[in-house]
Amino acid sequence: MTTPDHSLAELLIVACSEVYRGNGEIVATGIGPIPRLGASLAKITHSPELMMTDGEAFLVEDPVPIGPRDYDSRKPAGYLPFSRYFDSAVWTGRRHALVSPIQIDRFGQMNLSYVGGTFEKPKVQMLGARGFPGNTIHHINSMFIPNHSKRIFVEGEVTSVSSVGYNPARRLPGANFSSVDLRFIVTNLCVMDFGGPDHAIRVVSLHDSVTLDEVREATGFELLVEGDLPTTQAPTEEQLAVIAKLDPHNIRATIIKDNPPGRRG
């Protein structure tokens with residue numbers, strides 16, 4: 001079967017949708033355009049049991065398109081304001097968040113706070129830990145990285161540990177880490193997971209024409225590989241049509257520099 005023409009962003013949307021496959025009836029939270037479109041695509045095409053919000057206060061049965069929109073077209077399926085979000089989704093573990101940290105280390109610890117300098121006087125100040133500590137200790141988390149590089153996948157530990165990972169040296173005696181569940185990392189080069197020994201990060205698929213050496217060169221720590229790696233699933237005509245409907249303003253084309261094609265050469 002001929003694969004339709006598609007952009008790298010559209011391939012990544014499909015890859016992001018796959019992180020939600022088989023999750024069951026939980027809240028799918030994609031933070032950022034591509035993660036959000038991935039979660040919406042998952043609900044429409046293969047996981048209708050997922051719950052999604054309109055980004056504000058309502059659960060919706062039909063995912064809301066991103067960008068400027070007509071609020072009167074929403075079809076509310078429930079009420080989930082921020083005041084109820086933690087009790088209903090976060091503390092109960094009924095959520096899978098797809099997030100984009102500024103650094104990740106080999107233990108899956110993430111940094112969303114700062115880089116360079118010191119904690120008191122950072123070179124670049126970001127958002128701060130935000131909800132990362134509580135989210136990572138209570139519910140499923142995956143990551144989306146649009147620019148796979150050693151600046152993101154760092155050697156050693158991240159500059160500021162904003163989340164709970166699998167680093168045994170960071171685990172306090174007596175604390176409960178049983179709900180820590182890091183699933184996938186989708187990047188512009190590959191898809192990875194935490195399925196190696198001791199939750200080591202491993203590569204599970206390479207995007208079209210990307211080599212394993214290229215991924216290793218862009219990663220600051222050793223990557224695990226098991227067997228021959230498949231090529232990441234390309235979008236189908238049906239998926240591309242759904243994506244276009246979910247993103248009528250083509251915001252996806254602005255996420256990766258120069259909006260490259262999904263197939264090289």
# chains A, B, ... in the order shown; residues from 1 in each chain; ligands from 1

$ residues_around --residues "A:Val19" --least-positions-apart "5" --cutoff "9 Å" --atoms "only C-alpha atoms" --output "count of residues only"
9

$ select_by_dssp --residues "stretch 49-204 of chain A" --states "strand (DSSP E or B)" --output "ChimeraX atom specification"
/A:51-53,58-60,76-79,95-99,103-104,110-111,114-117,122-125,140-145,153,181-187,190-193,202-204

$ residues_around --residues "A:Leu224" --least-positions-apart "5" --cutoff "10 Å" --atoms "only C-alpha atoms" --output "MDAnalysis selection string"
chainID A and resid 192:197 200:204 216

$ residues_around --residues "A:Val215" --least-positions-apart "6" --cutoff "12 Å" --atoms "only C-alpha atoms" --output "MDAnalysis selection string"
chainID A and resid 147:150 153 187:192 202:207 209 221:225

$ residues_around --residues "A:Arg130" --least-positions-apart "3" --cutoff "12 Å" --atoms "only C-alpha atoms" --output "list in words"
Val99, Pro101, Met110, Asn111, Leu112, Ser113, Met126, Leu127, Pro133, Gly134, Asn135, Thr136, Val161, Ser162 and Ser163 of chain A

$ closest_residue --among "A:Leu212, A:Ile140, A:Ala241, A:Val64" --to "A:Ser178" --atoms "only C-alpha atoms"
A:Ile140

$ closest_residue --among "A:Ser160, A:Pro248, A:Ile34, A:Asn141" --to "A:Gly117" --atoms "only C-alpha atoms"
A:Ser160

$ atom_distance --atom1 "atom CA of A:Gly262" --atom2 "atom CA of A:Thr236"
12.3 Å

$ residues_around --residues "A:Gly22" --least-positions-apart "3" --cutoff "12 Å" --atoms "only C-alpha atoms" --output "list in words"
Ser17, Glu18, Val19, Glu25, Ile26, Ala28, Ala42, Lys43, His46, Ser47, Pro48, Glu49, Leu50 and His96 of chain A

$ residues_around --residues "A:Ile44" --least-positions-apart "5" --cutoff "9 Å" --atoms "only C-alpha atoms" --output "PyMOL selection string"
chain A and resi 39+62-63+242

$ select_by_dssp --residues "stretch 13-257 of chain A" --states "helix (DSSP H, G or I)" --output "MDAnalysis selection string"
chainID A and resid 13:18 33:45 71:73 82:90 132:138 168:170 197:199 212:217 237:246 251:254
